[in-house]
$ cat entry-v9.csv   # CSV, C-alpha atoms
chain,number,residue,atom,x,y,z
T,1,MET,CA,37.2,0.4,-31.6
T,2,LEU,CA,35.4,1.0,-28.3
T,3,SER,CA,32.2,-0.6,-29.7
T,4,THR,CA,34.1,-3.9,-30.2
T,5,THR,CA,35.4,-3.8,-26.6
T,6,LEU,CA,32.0,-3.1,-25.2
T,7,ALA,CA,30.6,-6.2,-27.0
T,8,LEU,CA,33.2,-8.4,-25.0
T,9,LEU,CA,32.7,-6.8,-21.6
T,10,PRO,CA,29.7,-8.9,-20.5
T,11,LEU,CA,32.1,-11.9,-20.7
T,12,LEU,CA,34.6,-10.4,-18.2
T,13,LEU,CA,33.1,-12.0,-15.2
T,14,THR,CA,34.3,-12.2,-11.6
T,15,HIS,CA,32.4,-15.4,-11.0
T,16,SER,CA,31.5,-18.3,-13.3
T,17,GLN,CA,28.1,-17.0,-14.5
T,18,SER,CA,27.8,-16.8,-18.3
T,19,THR,CA,26.7,-13.2,-18.6
T,20,ARG,CA,26.2,-9.9,-16.8
T,21,GLU,CA,23.1,-9.1,-18.8
T,22,LEU,CA,19.8,-9.7,-17.0
T,23,ASN,CA,18.2,-10.0,-20.4
T,24,ASP,CA,20.4,-13.0,-21.3
T,25,ILE,CA,20.8,-14.9,-18.0
T,26,ASN,CA,18.8,-18.1,-17.3
T,27,TRP,CA,16.5,-18.1,-14.3
T,28,MET,CA,18.3,-21.1,-12.7
T,29,GLU,CA,21.7,-19.3,-13.1
T,30,PHE,CA,20.2,-16.1,-11.8
T,31,ARG,CA,19.1,-17.9,-8.6
T,32,GLU,CA,22.6,-19.2,-8.1
T,33,VAL,CA,24.2,-15.8,-8.6
T,34,VAL,CA,21.9,-13.2,-7.1
T,35,PRO,CA,22.3,-12.1,-4.3
T,36,SER,CA,24.9,-14.6,-3.0
T,37,LYS,CA,27.6,-13.5,-5.6
T,38,VAL,CA,26.2,-10.3,-7.1
T,39,ASP,CA,23.9,-7.9,-5.2
T,40,THR,CA,24.4,-4.8,-7.4
T,41,VAL,CA,22.4,-4.0,-10.6
T,42,LEU,CA,22.8,-1.1,-13.0
T,43,LEU,CA,19.6,0.1,-14.6
T,44,PRO,CA,20.2,2.3,-17.7
T,45,VAL,CA,17.3,4.7,-18.5
T,46,GLY,CA,16.8,7.2,-21.3
T,47,THR,CA,14.3,8.3,-23.9
T,48,MET,CA,13.8,8.8,-27.7
T,49,GLU,CA,14.4,12.4,-28.9
T,50,ALA,CA,16.4,14.4,-31.5
T,51,HIS,CA,20.1,14.8,-30.9
T,52,GLY,CA,21.5,16.9,-33.7
T,53,VAL,CA,23.5,14.6,-35.9
T,54,ALA,CA,23.6,11.7,-33.4
T,55,ASN,CA,21.0,9.0,-33.1
T,56,ASN,CA,17.6,9.7,-31.7
T,57,GLY,CA,18.3,7.0,-29.1
T,58,ALA,CA,21.5,8.7,-27.8
T,59,ASP,CA,20.0,8.9,-24.3
T,60,ASN,CA,19.7,5.1,-24.4
T,61,THR,CA,22.9,4.3,-26.1
T,62,ALA,CA,25.0,6.3,-23.6
T,63,PRO,CA,23.8,4.9,-20.3
T,64,LEU,CA,23.6,1.3,-21.6
T,65,ALA,CA,27.2,1.4,-22.9
T,66,LEU,CA,28.4,3.1,-19.7
T,67,ALA,CA,26.7,0.5,-17.5
T,68,ARG,CA,28.2,-2.3,-19.5
T,69,THR,CA,31.7,-0.7,-19.3
T,70,ILE,CA,31.6,-0.3,-15.5
T,71,ALA,CA,29.7,-3.4,-14.5
T,72,PRO,CA,32.8,-5.7,-14.3
T,73,SER,CA,34.7,-3.5,-12.0
T,74,LEU,CA,31.6,-3.2,-9.7
T,75,ASN,CA,30.7,-6.9,-9.9
T,76,ALA,CA,27.3,-5.7,-11.1
T,77,MET,CA,24.6,-7.0,-13.4
T,78,VAL,CA,23.1,-4.8,-16.2
T,79,ALA,CA,19.4,-4.6,-16.6
T,80,PRO,CA,17.8,-3.9,-20.0
T,81,VAL,CA,17.7,-0.2,-20.9
T,82,LEU,CA,14.3,1.6,-20.4
T,83,PRO,CA,14.2,3.3,-23.8
T,84,TYR,CA,11.2,5.7,-23.3
T,85,GLY,CA,11.1,8.6,-20.9
T,86,ILE,CA,9.8,12.1,-20.1
T,87,THR,CA,11.0,13.8,-23.2
T,88,GLY,CA,9.7,17.4,-23.0
T,89,ARG,CA,10.3,20.1,-25.5
T,90,LEU,CA,12.0,18.0,-28.1
T,91,ASP,CA,9.3,15.4,-28.7
T,92,GLY,CA,8.0,17.6,-31.6
T,93,PHE,CA,11.1,16.6,-33.7
T,94,ALA,CA,10.7,13.5,-36.0
T,95,GLY,CA,11.0,10.3,-34.1
T,96,GLY,CA,10.6,11.9,-30.6
T,97,MET,CA,8.6,10.0,-28.0
T,98,THR,CA,7.5,10.9,-24.5
T,99,ILE,CA,5.8,9.1,-21.6
T,100,PRO,CA,3.6,11.3,-19.3
T,101,ASP,CA,4.9,11.6,-15.8
T,102,GLU,CA,1.8,9.9,-14.4
T,103,ALA,CA,2.4,6.8,-16.4
T,104,TYR,CA,6.2,6.8,-16.1
T,105,ARG,CA,6.5,6.9,-12.4
T,106,PRO,CA,4.4,3.8,-11.5
T,107,PHE,CA,6.0,1.8,-14.3
T,108,VAL,CA,9.6,2.6,-13.2
T,109,ALA,CA,8.5,2.0,-9.5
T,110,SER,CA,7.3,-1.5,-10.5
T,111,ILE,CA,10.7,-2.2,-12.1
T,112,LEU,CA,12.6,-1.0,-9.1
T,113,ARG,CA,10.4,-3.1,-6.8
T,114,GLY,CA,11.0,-6.1,-9.0
T,115,LEU,CA,14.8,-5.7,-8.9
T,116,ALA,CA,14.6,-5.4,-5.1
T,117,ARG,CA,12.3,-8.4,-4.8
T,118,ASN,CA,14.8,-10.5,-6.8
T,119,GLY,CA,17.5,-9.9,-4.4
T,120,PHE,CA,19.5,-6.8,-5.5
T,121,LYS,CA,20.5,-4.6,-2.5
T,122,ASN,CA,22.2,-1.9,-4.6
T,123,ILE,CA,20.1,-0.5,-7.4
T,124,ILE,CA,22.1,2.0,-9.5
T,125,ILE,CA,20.1,4.0,-12.0
T,126,VAL,CA,22.3,5.3,-14.8
T,127,ASN,CA,20.3,8.1,-16.3
T,128,GLY,CA,20.8,9.3,-19.8
T,129,HIS,CA,18.1,12.0,-20.0
T,130,GLY,CA,17.5,15.1,-18.0
T,131,GLY,CA,13.8,15.0,-18.3
T,132,ASN,CA,13.7,11.9,-16.2
T,133,THR,CA,15.7,13.3,-13.3
T,134,ALA,CA,13.0,14.5,-10.9
T,135,ALA,CA,10.9,11.4,-11.3
T,136,LEU,CA,13.9,9.1,-10.8
T,137,GLU,CA,15.2,10.9,-7.7
T,138,ALA,CA,11.8,10.7,-6.1
T,139,LEU,CA,11.4,7.1,-7.0
T,140,GLY,CA,14.8,6.1,-5.8
T,141,GLU,CA,14.1,7.5,-2.4
T,142,GLN,CA,10.5,6.1,-2.3
T,143,ILE,CA,11.5,2.5,-3.3
T,144,GLY,CA,14.6,2.5,-1.3
T,145,ARG,CA,12.7,3.3,1.9
T,146,GLU,CA,9.8,1.0,1.0
T,147,MET,CA,11.9,-2.0,0.0
T,148,LYS,CA,14.9,-1.3,2.3
T,149,VAL,CA,17.4,-1.3,-0.6
T,150,ARG,CA,20.1,1.3,-1.4
T,151,THR,CA,19.5,3.4,-4.6
T,152,LEU,CA,21.7,5.8,-6.5
T,153,VAL,CA,20.7,7.9,-9.5
T,154,VAL,CA,23.5,9.2,-11.6
T,155,ASN,CA,23.1,11.8,-14.4
T,156,TRP,CA,26.4,11.1,-16.1
T,157,TRP,CA,26.7,14.3,-18.2
T,158,ALA,CA,26.0,16.5,-15.2
T,159,TYR,CA,28.1,14.6,-12.7
T,160,CYS,CA,31.0,14.7,-15.3
T,161,SER,CA,30.6,18.4,-16.4
T,162,ASP,CA,34.1,19.0,-15.0
T,163,LEU,CA,35.5,16.5,-17.4
T,164,THR,CA,33.8,18.3,-20.3
T,165,LEU,CA,35.7,21.5,-19.3
T,166,LYS,CA,39.0,19.6,-18.7
T,167,ILE,CA,39.0,17.6,-22.0
T,168,PHE,CA,37.3,20.1,-24.4
T,169,GLY,CA,38.2,23.4,-22.8
T,170,GLU,CA,34.6,24.6,-22.8
T,171,ASP,CA,31.1,23.8,-21.6
T,172,GLY,CA,28.9,21.4,-23.5
T,173,GLY,CA,25.2,21.0,-24.2
T,174,HIS,CA,22.4,18.6,-25.1
T,175,ALA,CA,23.8,16.9,-28.3
T,176,GLY,CA,26.7,19.3,-28.0
T,177,ILE,CA,30.4,18.7,-28.0
T,178,ASN,CA,30.4,16.4,-24.9
T,179,GLU,CA,27.3,14.2,-25.6
T,180,ASN,CA,28.1,13.9,-29.3
T,181,ALA,CA,31.7,12.8,-28.4
T,182,PHE,CA,30.3,10.3,-25.9
T,183,ILE,CA,28.2,8.7,-28.7
T,184,GLN,CA,31.1,8.9,-31.2
T,185,ALA,CA,33.3,7.0,-28.8
T,186,ILE,CA,30.7,4.3,-28.4
T,187,ASP,CA,29.9,3.8,-32.1
T,188,ALA,CA,31.0,6.4,-34.6
T,189,LYS,CA,28.5,5.0,-37.1
T,190,LEU,CA,25.8,6.6,-35.1
T,191,ILE,CA,27.1,10.1,-35.9
T,192,GLN,CA,26.2,11.7,-39.3
T,193,LYS,CA,29.1,14.2,-39.6
T,194,ASP,CA,28.1,15.4,-43.1
T,195,ARG,CA,24.7,16.7,-41.8
T,196,TYR,CA,26.3,18.9,-39.1
T,197,LYS,CA,26.4,22.7,-39.2
T,198,ASP,CA,26.7,25.2,-36.3
T,199,SER,CA,23.3,26.7,-37.1
T,200,LEU,CA,21.7,23.5,-35.8
T,201,ALA,CA,22.5,24.7,-32.3
T,202,THR,CA,20.8,27.2,-30.1
T,203,PRO,CA,22.0,28.4,-26.6
T,204,ARG,CA,19.7,27.5,-23.7
T,205,PRO,CA,17.8,30.7,-22.8
T,206,PRO,CA,18.3,32.2,-19.3
T,207,ALA,CA,15.5,31.4,-16.9
T,208,GLY,CA,12.5,33.6,-17.4
T,209,THR,CA,13.5,35.1,-20.8
T,210,TRP,CA,11.8,33.0,-23.4
T,211,SER,CA,10.6,29.5,-24.1
T,212,ALA,CA,9.4,27.6,-27.2
T,213,TYR,CA,7.7,24.4,-28.0
T,214,PRO,CA,9.2,22.5,-29.8
T,215,PHE,CA,12.6,24.0,-28.9
T,216,PRO,CA,13.9,25.5,-32.1
T,217,SER,CA,17.1,23.3,-32.1
T,218,SER,CA,17.9,19.8,-31.1
T,219,ILE,CA,21.4,20.9,-30.1
T,220,ILE,CA,21.0,23.0,-27.0
T,221,LEU,CA,24.2,24.8,-25.8
T,222,TYR,CA,24.6,25.3,-22.1
T,223,GLN,CA,26.6,28.5,-22.7
T,224,PRO,CA,26.5,30.9,-25.6
T,225,GLY,CA,29.4,30.4,-28.0
T,226,GLN,CA,30.5,27.1,-26.3
T,227,GLY,CA,29.7,23.5,-27.0
T,228,TYR,CA,29.5,23.4,-30.8
T,229,VAL,CA,30.1,19.9,-32.0
T,230,LYS,CA,33.6,18.7,-32.9
T,231,PHE,CA,34.5,15.3,-34.2
T,232,ASP,CA,37.9,14.6,-32.6
T,233,GLN,CA,38.0,10.9,-32.1
T,234,GLY,CA,41.0,11.0,-29.7
T,235,LYS,CA,39.2,13.4,-27.4
T,236,ALA,CA,36.0,11.5,-27.7
T,237,ASP,CA,37.7,8.3,-26.6
T,238,ALA,CA,39.5,10.1,-23.7
T,239,TYR,CA,36.2,11.7,-22.6
T,240,TYR,CA,34.4,8.3,-22.6
T,241,LYS,CA,37.1,6.7,-20.5
T,242,ALA,CA,37.2,9.6,-18.0
T,243,VAL,CA,33.4,9.6,-17.6
T,244,ALA,CA,33.4,5.8,-17.1
T,245,ASP,CA,36.1,6.0,-14.5
T,246,LYS,CA,34.5,8.8,-12.6
T,247,VAL,CA,31.0,7.2,-12.5
T,248,ALA,CA,32.4,3.9,-11.5
T,249,GLY,CA,34.3,5.6,-8.7
T,250,LEU,CA,31.1,7.3,-7.4
T,251,VAL,CA,29.2,4.0,-7.4
T,252,ARG,CA,32.1,2.1,-5.7
T,253,ASP,CA,32.5,4.8,-3.0
T,254,THR,CA,28.8,5.1,-2.3
T,255,ILE,CA,28.5,1.3,-1.9
T,256,ARG,CA,31.5,1.3,0.4
T,257,LYS,CA,30.0,4.0,2.6
T,258,TRP,CA,26.6,2.2,2.7
T,259,ASP,CA,28.4,-1.0,3.8
T,260,GLU,CA,30.5,0.8,6.5
T,261,ALA,CA,27.3,2.3,7.9
T,262,LYS,CA,25.6,-1.1,7.7
T,263,ILE,CA,22.6,0.4,6.0
T,264,PHE,CA,20.0,-2.2,5.0
T,265,ARG,CA,22.4,-5.1,5.4
T,266,ASP,CA,21.3,-8.5,6.7

$ encode --input "entry-v9.csv" --output "structure tokens"
Amino acid sequence: MLSTTLALLPLLLTHSQSTRELNDINWMEFREVVPSKVDTVLLPVGTMEAHGVANNGADNTAPLALARTIAPSLNAMVAPVLPYGITGRLDGFAGGMTIPDEAYRPFVASILRGLARNGFKNIIIVNGHGGNTAALEALGEQIGREMKVRTLVVNWWAYCSDLTLKIFGEDGGHAGINENAFIQAIDAKLIQKDRYKDSLATPRPPAGTWSAYPFPSSIILYQPGQGYVKFDQGKADAYYKAVADKVAGLVRDTIRKWDEAKIFRD
């Protein structure tokens, strides 16, 4: 199972440190490792909101698992996931939580400053929730300029939309075929298949046509007639691997280009 493999990944270390998890490392070991041996950190961010028959914390589960998967190949540390975000129209469903923009931005800015102050030169924000995107992009630019560090914000589902079409043959959606499969690949126990029915999904309305609060469904299809949830474990595992490979490639290529341009290097 992929979930078992993920549990072992923090031990696959390029150097002799005991863990890639910032939550688990000792301060003395941190001082020995960062930045002399590791100068890249992956910060997973998400929120709590309804996701059809997947867990309410799917937007946290996805970026944390993704960060842990790609960290070894990037020689990166993994910061604790930020589990609350700017949720929006789904916070009316049971278990939904949202943080106002005016509270979210200074909090995340302080975390980014702290990572920079502690020696990380490459701060990679692995975002699991679309409602966070505008704030994270603005903060990445702001803190990068202020602290002279390099920042990258990756919205994994959007960046990998081509893989959704390639593997599933159709477009996806919020808690749709792609995101549900991603969570299924991480931990199938987080998916309650017996509760699923297609009527749980609603296509996203064209801009300017209608809106509702709360949105009437927690499965929001990007295209009418496409993205209804399937439970194909083989395709789920293939999709997860393809996404991880593509996101890792983006991070690796971006850091290489930063280095070639000698941007913010001592």

$ closest_residue --input "entry-v9.csv" --among "T:Gly208, T:Ser73, T:Gln233, T:His174" --to "Asp245 of chain T" --atoms "all atoms listed in the file"
T:Ser73

$ residues_around --input "entry-v9.csv" --residues "segment 148-158 of chain T" --least-positions-apart "5" --cutoff "8 Å" --atoms "only C-alpha atoms" --output "list in words"
Pro63, Ala116, Phe120, Lys121, Asn122, Ile123, Ile124, Ile125, Val126, Asn127, Gly128, His129, Gly130, Thr133, Leu136, Glu137, Gly140, Glu141, Ile143, Asn178, Glu179, Val243, Val247, Val251, Trp258, Ile263 and Phe264 of chain T

$ closest_residue --input "entry-v9.csv" --among "T:Ala103, T:Ala185, T:Val81, T:Leu66" --to "Lys246 of chain T" --atoms "only C-alpha atoms"
T:Leu66

$ atom_distance --input "entry-v9.csv" --atom1 "atom CA of Glu32 of chain T" --atom2 "atom CA of Val78 of chain T"
16.5 Å

$ residues_around --input "entry-v9.csv" --residues "Phe93 of chain T" --least-positions-apart "3" --cutoff "9 Å" --atoms "all atoms listed in the file" --output "list in words"
Glu49, Ala50, Arg89, Leu90, Gly96, Pro214, Phe215 and Ser218 of chain T

$ decode --input "entry-v9.csv" --residues "segment 111-157 of chain T" --atoms "N, CA and C atoms" --output "CSV table (one decimal), in the first residue's frame"
chain,number,residue,atom,x,y,z
T,111,ILE,N,5.1,32.5,9.4
T,111,ILE,CA,5.7,31.2,9.2
T,111,ILE,C,6.8,31.2,8.1
T,112,LEU,N,6.5,31.9,7.0
T,112,LEU,CA,7.5,32.0,5.9
T,112,LEU,C,8.7,32.7,6.4
T,113,ARG,N,8.5,33.8,7.1
T,113,ARG,CA,9.7,34.5,7.7
T,113,ARG,C,10.5,33.6,8.6
T,114,GLY,N,9.8,32.9,9.4
T,114,GLY,CA,10.5,32.0,10.3
T,114,GLY,C,11.3,30.9,9.6
T,115,LEU,N,10.8,30.4,8.5
T,115,LEU,CA,11.5,29.4,7.8
T,115,LEU,C,12.8,30.0,7.1
T,116,ALA,N,12.6,31.2,6.6
T,116,ALA,CA,13.7,32.0,6.0
T,116,ALA,C,14.8,32.3,7.1
T,117,ARG,N,14.3,32.8,8.3
T,117,ARG,CA,15.2,33.1,9.3
T,117,ARG,C,16.1,31.9,9.8
T,118,ASN,N,15.5,30.7,9.7
T,118,ASN,CA,16.1,29.5,10.2
T,118,ASN,C,17.1,28.9,9.1
T,119,GLY,N,17.2,29.6,8.0
T,119,GLY,CA,18.2,29.2,7.0
T,119,GLY,C,17.8,28.6,5.7
T,120,PHE,N,16.5,28.4,5.5
T,120,PHE,CA,16.0,27.8,4.3
T,120,PHE,C,16.1,28.9,3.2
T,121,LYS,N,16.7,28.5,2.0
T,121,LYS,CA,16.8,29.4,0.9
T,121,LYS,C,15.7,29.2,-0.1
T,122,ASN,N,15.2,28.0,-0.2
T,122,ASN,CA,14.1,27.6,-1.1
T,122,ASN,C,12.9,27.2,-0.3
T,123,ILE,N,11.8,28.0,-0.3
T,123,ILE,CA,10.6,27.6,0.4
T,123,ILE,C,9.5,27.3,-0.6
T,124,ILE,N,9.2,26.0,-0.6
T,124,ILE,CA,8.2,25.5,-1.6
T,124,ILE,C,6.9,25.2,-0.9
T,125,ILE,N,5.9,26.0,-1.3
T,125,ILE,CA,4.5,25.9,-0.7
T,125,ILE,C,3.7,24.9,-1.5
T,126,VAL,N,3.4,23.8,-1.0
T,126,VAL,CA,2.6,22.7,-1.7
T,126,VAL,C,1.2,22.9,-1.2
T,127,ASN,N,0.4,23.6,-2.1
T,127,ASN,CA,-1.0,24.0,-1.7
T,127,ASN,C,-2.0,22.9,-2.1
T,128,GLY,N,-2.9,22.6,-1.1
T,128,GLY,CA,-3.9,21.6,-1.4
T,128,GLY,C,-5.3,22.2,-1.6
T,129,HIS,N,-5.5,23.6,-1.5
T,129,HIS,CA,-6.8,24.2,-1.5
T,129,HIS,C,-6.8,25.5,-2.3
T,130,GLY,N,-7.7,25.5,-3.3
T,130,GLY,CA,-7.8,26.7,-4.2
T,130,GLY,C,-8.1,28.0,-3.5
T,131,GLY,N,-8.9,28.0,-2.4
T,131,GLY,CA,-9.2,29.2,-1.8
T,131,GLY,C,-8.0,29.9,-1.2
T,132,ASN,N,-6.9,29.2,-1.0
T,132,ASN,CA,-5.7,29.8,-0.4
T,132,ASN,C,-4.8,30.5,-1.5
T,133,THR,N,-5.1,30.2,-2.8
T,133,THR,CA,-4.1,30.5,-3.8
T,133,THR,C,-3.7,32.0,-3.9
T,134,ALA,N,-4.7,32.9,-3.9
T,134,ALA,CA,-4.3,34.3,-4.1
T,134,ALA,C,-3.5,34.8,-3.0
T,135,ALA,N,-3.8,34.4,-1.7
T,135,ALA,CA,-3.1,34.8,-0.6
T,135,ALA,C,-1.6,34.3,-0.6
T,136,LEU,N,-1.5,33.0,-1.0
T,136,LEU,CA,-0.2,32.4,-1.0
T,136,LEU,C,0.7,32.9,-2.1
T,137,GLU,N,0.2,33.2,-3.2
T,137,GLU,CA,1.0,33.8,-4.3
T,137,GLU,C,1.5,35.2,-3.9
T,138,ALA,N,0.6,36.0,-3.3
T,138,ALA,CA,1.0,37.3,-2.9
T,138,ALA,C,2.1,37.2,-1.8
T,139,LEU,N,1.9,36.3,-0.8
T,139,LEU,CA,2.8,36.2,0.3
T,139,LEU,C,4.1,35.6,-0.2
T,140,GLY,N,4.1,34.7,-1.1
T,140,GLY,CA,5.4,34.2,-1.6
T,140,GLY,C,6.2,35.3,-2.2
T,141,GLU,N,5.6,36.1,-3.0
T,141,GLU,CA,6.4,37.2,-3.6
T,141,GLU,C,6.8,38.2,-2.5
T,142,GLN,N,5.9,38.6,-1.6
T,142,GLN,CA,6.2,39.5,-0.5
T,142,GLN,C,7.4,39.1,0.3
T,143,ILE,N,7.3,37.8,0.8
T,143,ILE,CA,8.3,37.3,1.7
T,143,ILE,C,9.6,37.0,1.0
T,144,GLY,N,9.5,36.6,-0.2
T,144,GLY,CA,10.7,36.3,-1.0
T,144,GLY,C,11.5,37.6,-1.2
T,145,ARG,N,10.8,38.7,-1.5
T,145,ARG,CA,11.5,39.9,-1.7
T,145,ARG,C,12.1,40.5,-0.4
T,146,GLU,N,11.3,40.4,0.6
T,146,GLU,CA,11.7,40.9,1.9
T,146,GLU,C,12.8,40.2,2.6
T,147,MET,N,12.8,38.9,2.5
T,147,MET,CA,13.8,38.0,3.2
T,147,MET,C,14.9,37.5,2.3
T,148,LYS,N,14.8,37.9,1.0
T,148,LYS,CA,15.8,37.4,0.0
T,148,LYS,C,15.9,35.9,0.0
T,149,VAL,N,14.7,35.3,-0.2
T,149,VAL,CA,14.7,33.8,-0.3
T,149,VAL,C,13.9,33.5,-1.6
T,150,ARG,N,14.0,32.3,-2.1
T,150,ARG,CA,13.3,31.9,-3.3
T,150,ARG,C,12.0,31.1,-2.9
T,151,THR,N,10.9,31.5,-3.4
T,151,THR,CA,9.6,30.9,-3.1
T,151,THR,C,8.9,30.3,-4.3
T,152,LEU,N,8.2,29.2,-4.1
T,152,LEU,CA,7.4,28.6,-5.2
T,152,LEU,C,6.1,28.1,-4.6
T,153,VAL,N,5.0,28.5,-5.2
T,153,VAL,CA,3.7,28.0,-4.8
T,153,VAL,C,3.2,27.0,-5.9
T,154,VAL,N,2.8,25.8,-5.5
T,154,VAL,CA,2.3,24.8,-6.4
T,154,VAL,C,0.9,24.4,-6.0
T,155,ASN,N,0.0,24.6,-6.9
T,155,ASN,CA,-1.4,24.1,-6.7
T,155,ASN,C,-1.4,22.7,-7.5
T,156,TRP,N,-1.2,21.6,-6.8
T,156,TRP,CA,-0.9,20.4,-7.4
T,156,TRP,C,-2.0,19.9,-8.4
T,157,TRP,N,-3.3,20.1,-8.1
T,157,TRP,CA,-4.4,19.6,-8.9
T,157,TRP,C,-4.5,20.4,-10.2
